[in-house]
Amino acid sequence: MKWTDPVKKIGDLILLLLNLLARIVIVVSKRSLKALSIPFVISGKVAHFFRDVSRTLGEGFIALFICAIGDLIAGILLSRMTETLSILPGLLILIPGAIGMRGNIFGALGSRLGSNLHIGILSPELKKSTILYQNIISAMILTFIMSIFLAFMAKGFSMALGYESISLVDFTIISVLGGIFSGALLLPATILITIKSYENGWDPDNVTTPLIAASGDLFTLPSLLLAIQILLWIRNGFFDTILFLVFIIIGIIAFIVGIRGESNLKKIIKHSTPTLFLSSILGTTAGTILNSSFSLILNNPSILALVPLFSGESGDLVSILGARLSSRLHIGSIKASLRPSEEALRNFGIIIILALIIYPTIGLLAHFASVLLGVKSVGIENMVLISTLAGLILTPFMLMIAFYLSIITYKKGLDPDNVVIPLTTSITDPIANTFLVIMVISILGYTL
């Protein structure tokens with residue numbers, strides 16, 4: 001055997017091993033490149049997401065922050081109402097429903113007016129229009145009849161759960177007068193906000209609905225306080241009873257006029273009334289949850305400053321999502337499927353980012369407002385922690401509520417302007433108050 005044969009075999013073996021190593025290196029390199037590319041792909045998608053939705057995030061945050069100021073004023077007023085709430089037991093059950101109802105009625109009105117402006121049925125100059133008149137009349141009728149229903153619900157919940165409460169007459173006078181006073185302010189405010197949104201090219205899904213809801217929060221509590229003062233002036237068993245009967249008769253007549261009116265007015269009343277009835281029940285449930293923790297709230301009045309902020313901002317977030325999903329269902333960019341599409345998930349991402357920013361912010365606002373006004377605060381850390389944790393737990397529920405309600409409503413052929421926003425915000429209210437109370441109890445160490 002030649003001496004070259006072993007050398008050749010060794011050379012072939014080495015070459016084989018080198019080829020094998022080369023293949024291993026190539027495979028490892030490919031895998032490594034894929035693995036290393038993942039962060040770049042993710043960062044690229046994230047960058048594209050933020051570039052794509054930066055305007056939406058900007059508009060949404062500005063609208064939510066403005067709304068937070070309105071909700072904060074409402075919260076400050078509520079935190080100063082502890083004495084009134086003590087002398088009028090059960091009133092706290094009415095308040096969340098009253099606040100939510102204004103936003104639901106006038107938010108839907110703004111949405112309808114915005115749609116009519118975009119398709120050319122209405123002009124920004126508000127020229128004489130049957131559609132405009134019917135929309136305004138529908139808001140008046142709905143405000144009146146829903147105020148009466150809300151009063152009956154508040155009294156009914158109080159009796160069913162054995163809570164001490166004011167009479168049905170008192171509930172009705174406060175609710176209806178509060179609805180009349182706040183409605184007188186909200187009607188022109190809604191029309192103004194809708195027209196300015198249209199003229200400035202703002203996306204109504206991101207701006208109009210939250211601003212109208214915040215106006216409802218801002219105007220409702222002062223209106224209720226004025227109504228309470230009037231009740232205390234006439235509360236003698238005669239004038240208040242007469243006023244109660246007059247309100248009931250007007251409410252019945254208004255409802256009959258609505259359902260027998262012209263086609264557009266009839267459609268609004270018929271579509272809106274069942275939704276608003278359900279919304280009022282849910283709003284009263286939210287008030288009942290707060291009333292169950294009344295002694296805790298009296299000991300920590302700064303929590304009352306947080307309540308309208310937390311409920312209002314949660315309602316605004318879910319209404320933004322509901323409006324965006326409804327719009328995209330109509331234009332076809334989201335399919336009416338129970339499985340969230342990529343576009344739906346993209347909208348979820350927008351709401352999650354806004355939630356991560358807004359919930360700590362409203363905790364700070366509630367604390368500093370309480371301190372400035374001399375209201376006993378639970379402390380900045382506790383306030384921010386309560387708001388943030390309750391908000392982050394609530395957010396997944398809001399996403400699912402808005403998504404599935406939008407899909408189901410669209411499939412049923414109902415008008416989302418009359419259904420989705422009122423129901424999403426009303427369903428969110430009791431859940432929001434429940435999580436808020438749970439966080440207060442958990443963090444402050446109280447028991448019910």
# chains A, B, ... in the order shown; residues from 1 in each chain; ligands from 1
>>> residues_around(residues="Leu282 in chain A", least_positions_apart="2", cutoff="12 Å", atoms="only C-alpha atoms", output="PyMOL selection string")
chain A and resi 93-94+96-98+100-101+150+153-154+157+275-280+284-289+422-433
>>> write_last_selection(atoms="C-alpha atoms", output="PDB file, in the first residue's frame")
ATOM      1  CA  ILE A  93     -77.755  55.407  42.937  1.00  0.00           C
ATOM      2  CA  LEU A  94     -79.246  57.955  40.508  1.00  0.00           C
ATOM      3  CA  PRO A  96     -74.055  57.571  37.482  1.00  0.00           C
ATOM      4  CA  GLY A  97     -77.136  56.706  35.430  1.00  0.00           C
ATOM      5  CA  ALA A  98     -78.011  60.395  34.994  1.00  0.00           C
ATOM      6  CA  GLY A 100     -74.306  58.311  31.501  1.00  0.00           C
ATOM      7  CA  MET A 101     -77.751  58.969  30.057  1.00  0.00           C
ATOM      8  CA  LEU A 150     -84.168  56.488  35.601  1.00  0.00           C
ATOM      9  CA  MET A 153     -85.140  52.457  38.416  1.00  0.00           C
ATOM     10  CA  ALA A 154     -83.289  54.219  41.247  1.00  0.00           C
ATOM     11  CA  PHE A 157     -83.181  49.250  43.128  1.00  0.00           C
ATOM     12  CA  THR A 275     -81.208  50.730  24.144  1.00  0.00           C
ATOM     13  CA  LEU A 276     -81.524  53.659  26.556  1.00  0.00           C
ATOM     14  CA  PHE A 277     -83.803  51.662  28.865  1.00  0.00           C
ATOM     15  CA  LEU A 278     -81.099  49.004  29.122  1.00  0.00           C
ATOM     16  CA  SER A 279     -78.429  51.699  29.501  1.00  0.00           C
ATOM     17  CA  SER A 280     -80.394  53.283  32.365  1.00  0.00           C
ATOM     18  CA  THR A 284     -78.435  52.449  38.008  1.00  0.00           C
ATOM     19  CA  THR A 285     -76.526  49.234  38.689  1.00  0.00           C
ATOM     20  CA  ALA A 286     -73.320  51.269  38.647  1.00  0.00           C
ATOM     21  CA  GLY A 287     -74.833  53.687  41.159  1.00  0.00           C
ATOM     22  CA  THR A 288     -75.949  50.798  43.355  1.00  0.00           C
ATOM     23  CA  ILE A 289     -72.385  49.455  43.442  1.00  0.00           C
ATOM     24  CA  PRO A 422     -74.878  53.891  24.386  1.00  0.00           C
ATOM     25  CA  LEU A 423     -74.640  50.180  25.165  1.00  0.00           C
ATOM     26  CA  THR A 424     -70.838  49.946  25.292  1.00  0.00           C
ATOM     27  CA  THR A 425     -70.538  52.887  27.678  1.00  0.00           C
ATOM     28  CA  SER A 426     -73.452  51.695  29.824  1.00  0.00           C
ATOM     29  CA  ILE A 427     -72.145  48.134  30.098  1.00  0.00           C
ATOM     30  CA  THR A 428     -68.714  49.513  30.958  1.00  0.00           C
ATOM     31  CA  ASP A 429     -70.011  51.760  33.782  1.00  0.00           C
ATOM     32  CA  PRO A 430     -71.008  49.066  36.334  1.00  0.00           C
ATOM     33  CA  ILE A 431     -67.929  46.980  35.501  1.00  0.00           C
ATOM     34  CA  ALA A 432     -65.713  50.061  35.901  1.00  0.00           C
ATOM     35  CA  ASN A 433     -67.257  50.958  39.263  1.00  0.00           C
TER      36      ASN A 433
END
>>> select_by_dssp(residues="range 92-221 of chain A", states="alpha helix (DSSP H)", output="NGL selection string")
:A and (92-118 or 130-161 or 168-199 or 208-221)
>>> closest_residue(among="A:Leu88, A:Gly114, A:Leu218, A:Ile362", to="Asn135 in chain A", atoms="only C-alpha atoms")
A:Gly114
>>> residues_around(residues="range 409-415 of chain A", least_positions_apart="2", cutoff="8 Å", atoms="only C-alpha atoms", output="count of residues only")
11
>>> residues_around(residues="Phe247 in chain A", least_positions_apart="2", cutoff="12 Å", atoms="only C-alpha atoms", output="compact mmCIF listing (two decimals) with N, CA, C and O atoms, in the first residue's frame")
# COMPACT_ATOMS: atom_id res chain seq x y z
N PHE A 144 -86.53 63.49 28.39
CA PHE A 144 -87.65 63.56 29.33
C PHE A 144 -88.08 62.17 29.79
O PHE A 144 -88.19 61.90 31.00
N ILE A 145 -88.32 61.28 28.83
CA ILE A 145 -88.86 59.96 29.22
C ILE A 145 -87.79 59.12 29.92
O ILE A 145 -88.10 58.36 30.85
N MET A 146 -86.52 59.28 29.54
CA MET A 146 -85.47 58.49 30.19
C MET A 146 -85.18 59.02 31.60
O MET A 146 -84.79 58.25 32.48
N SER A 147 -85.38 60.31 31.83
CA SER A 147 -85.21 60.86 33.18
C SER A 147 -86.25 60.25 34.12
O SER A 147 -85.95 59.91 35.27
N ILE A 148 -87.48 60.11 33.63
CA ILE A 148 -88.54 59.49 34.45
C ILE A 148 -88.21 58.02 34.71
O ILE A 148 -88.30 57.54 35.85
N PHE A 149 -87.82 57.32 33.67
CA PHE A 149 -87.49 55.89 33.83
C PHE A 149 -86.34 55.70 34.81
O PHE A 149 -86.35 54.79 35.64
N ALA A 151 -85.51 57.58 37.31
CA ALA A 151 -85.99 57.79 38.68
C ALA A 151 -86.68 56.54 39.21
O ALA A 151 -86.46 56.13 40.37
N VAL A 169 -91.28 60.36 44.29
CA VAL A 169 -91.55 61.75 43.87
C VAL A 169 -90.26 62.56 43.86
O VAL A 169 -89.97 63.28 42.89
N PHE A 171 -87.09 61.43 43.70
CA PHE A 171 -86.22 60.92 42.64
C PHE A 171 -86.63 61.49 41.28
O PHE A 171 -85.79 61.93 40.48
N THR A 172 -87.94 61.49 41.01
CA THR A 172 -88.44 61.92 39.70
C THR A 172 -88.20 63.41 39.48
O THR A 172 -87.75 63.82 38.40
N ILE A 173 -88.50 64.24 40.48
CA ILE A 173 -88.31 65.69 40.33
C ILE A 173 -86.83 66.01 40.10
O ILE A 173 -86.49 66.81 39.21
N ILE A 174 -85.95 65.39 40.88
CA ILE A 174 -84.51 65.65 40.71
C ILE A 174 -84.05 65.19 39.33
O ILE A 174 -83.34 65.92 38.62
N SER A 175 -84.48 64.00 38.93
CA SER A 175 -84.03 63.44 37.66
C SER A 175 -84.53 64.24 36.46
O SER A 175 -83.76 64.58 35.55
N VAL A 176 -85.83 64.59 36.46
CA VAL A 176 -86.41 65.29 35.31
C VAL A 176 -85.90 66.73 35.23
O VAL A 176 -85.50 67.19 34.15
N LEU A 177 -85.90 67.44 36.37
CA LEU A 177 -85.38 68.82 36.34
C LEU A 177 -83.90 68.84 35.94
O LEU A 177 -83.47 69.69 35.15
N GLY A 179 -82.46 66.67 34.05
CA GLY A 179 -82.42 66.39 32.62
C GLY A 179 -82.77 67.62 31.79
O GLY A 179 -82.14 67.88 30.75
N ILE A 180 -83.76 68.37 32.23
CA ILE A 180 -84.16 69.58 31.49
C ILE A 180 -83.04 70.61 31.49
O ILE A 180 -82.69 71.18 30.43
N ASP A 240 -94.69 69.36 45.27
CA ASP A 240 -93.82 68.34 44.68
C ASP A 240 -94.64 67.20 44.07
O ASP A 240 -94.30 66.67 43.01
N THR A 241 -95.76 66.84 44.71
CA THR A 241 -96.62 65.77 44.17
C THR A 241 -97.28 66.22 42.87
O THR A 241 -97.36 65.45 41.90
N ILE A 242 -97.75 67.48 42.83
CA ILE A 242 -98.36 68.03 41.61
C ILE A 242 -97.34 68.03 40.47
O ILE A 242 -97.65 67.62 39.33
N LEU A 243 -96.11 68.46 40.77
CA LEU A 243 -95.05 68.52 39.75
C LEU A 243 -94.72 67.11 39.24
O LEU A 243 -94.53 66.90 38.03
N PHE A 244 -94.71 66.15 40.16
CA PHE A 244 -94.46 64.75 39.78
C PHE A 244 -95.51 64.26 38.79
O PHE A 244 -95.18 63.67 37.76
N LEU A 245 -96.80 64.53 39.08
CA LEU A 245 -97.88 64.10 38.19
C LEU A 245 -97.80 64.79 36.83
O LEU A 245 -98.04 64.16 35.79
N ILE A 249 -97.38 62.89 33.12
CA ILE A 249 -98.32 63.12 32.00
C ILE A 249 -97.55 63.62 30.77
O ILE A 249 -97.77 63.13 29.64
N ILE A 250 -96.62 64.57 30.98
CA ILE A 250 -95.83 65.09 29.85
C ILE A 250 -94.98 63.97 29.23
O ILE A 250 -94.86 63.88 28.00
N GLY A 251 -94.41 63.12 30.08
CA GLY A 251 -93.60 62.03 29.58
C GLY A 251 -94.38 61.07 28.69
O GLY A 251 -93.90 60.66 27.63
N ILE A 252 -95.61 60.74 29.11
CA ILE A 252 -96.47 59.83 28.32
C ILE A 252 -96.82 60.49 26.98
O ILE A 252 -96.74 59.85 25.92
N ILE A 253 -97.20 61.76 27.03
CA ILE A 253 -97.57 62.48 25.79
C ILE A 253 -96.36 62.57 24.86
O ILE A 253 -96.48 62.36 23.64
N ALA A 254 -95.18 62.88 25.42
CA ALA A 254 -93.97 63.02 24.60
C ALA A 254 -93.63 61.71 23.90
O ALA A 254 -93.27 61.69 22.71
>>> residues_around(residues="range 365-377 of chain A", least_positions_apart="6", cutoff="8 Å", atoms="only C-alpha atoms", output="list in words")
Leu72, Gly75, Ile76, Ser79, Asn300, Pro301, Ser302, Ile303, Ala305, Leu306, Leu309 and Met383 of chain A
>>> write_last_selection(atoms="C-alpha atoms", output="compact mmCIF listing (two decimals), in the first residue's frame")
# COMPACT_ATOMS: atom_id res chain seq x y z
CA LEU A 72 -62.51 66.18 36.98
CA GLY A 75 -65.63 64.68 40.33
CA ILE A 76 -64.76 67.75 42.40
CA SER A 79 -66.62 65.06 46.30
CA ASN A 300 -62.45 59.06 51.70
CA PRO A 301 -64.19 61.83 49.74
CA SER A 302 -61.29 62.07 47.27
CA ILE A 303 -62.51 58.73 45.87
CA ALA A 305 -63.38 62.90 42.73
CA LEU A 306 -61.99 59.83 40.96
CA LEU A 309 -63.02 60.57 35.99
CA MET A 383 -54.74 57.22 43.94
>>> closest_residue(among="A:Ile191, A:Val384, A:Ile441, A:Ile73", to="Asp217 in chain A", atoms="only C-alpha atoms")
A:Ile73
>>> atom_distance(atom1="CA of Ser223 in chain A", atom2="CA of Gly183 in chain A")
9.2 Å
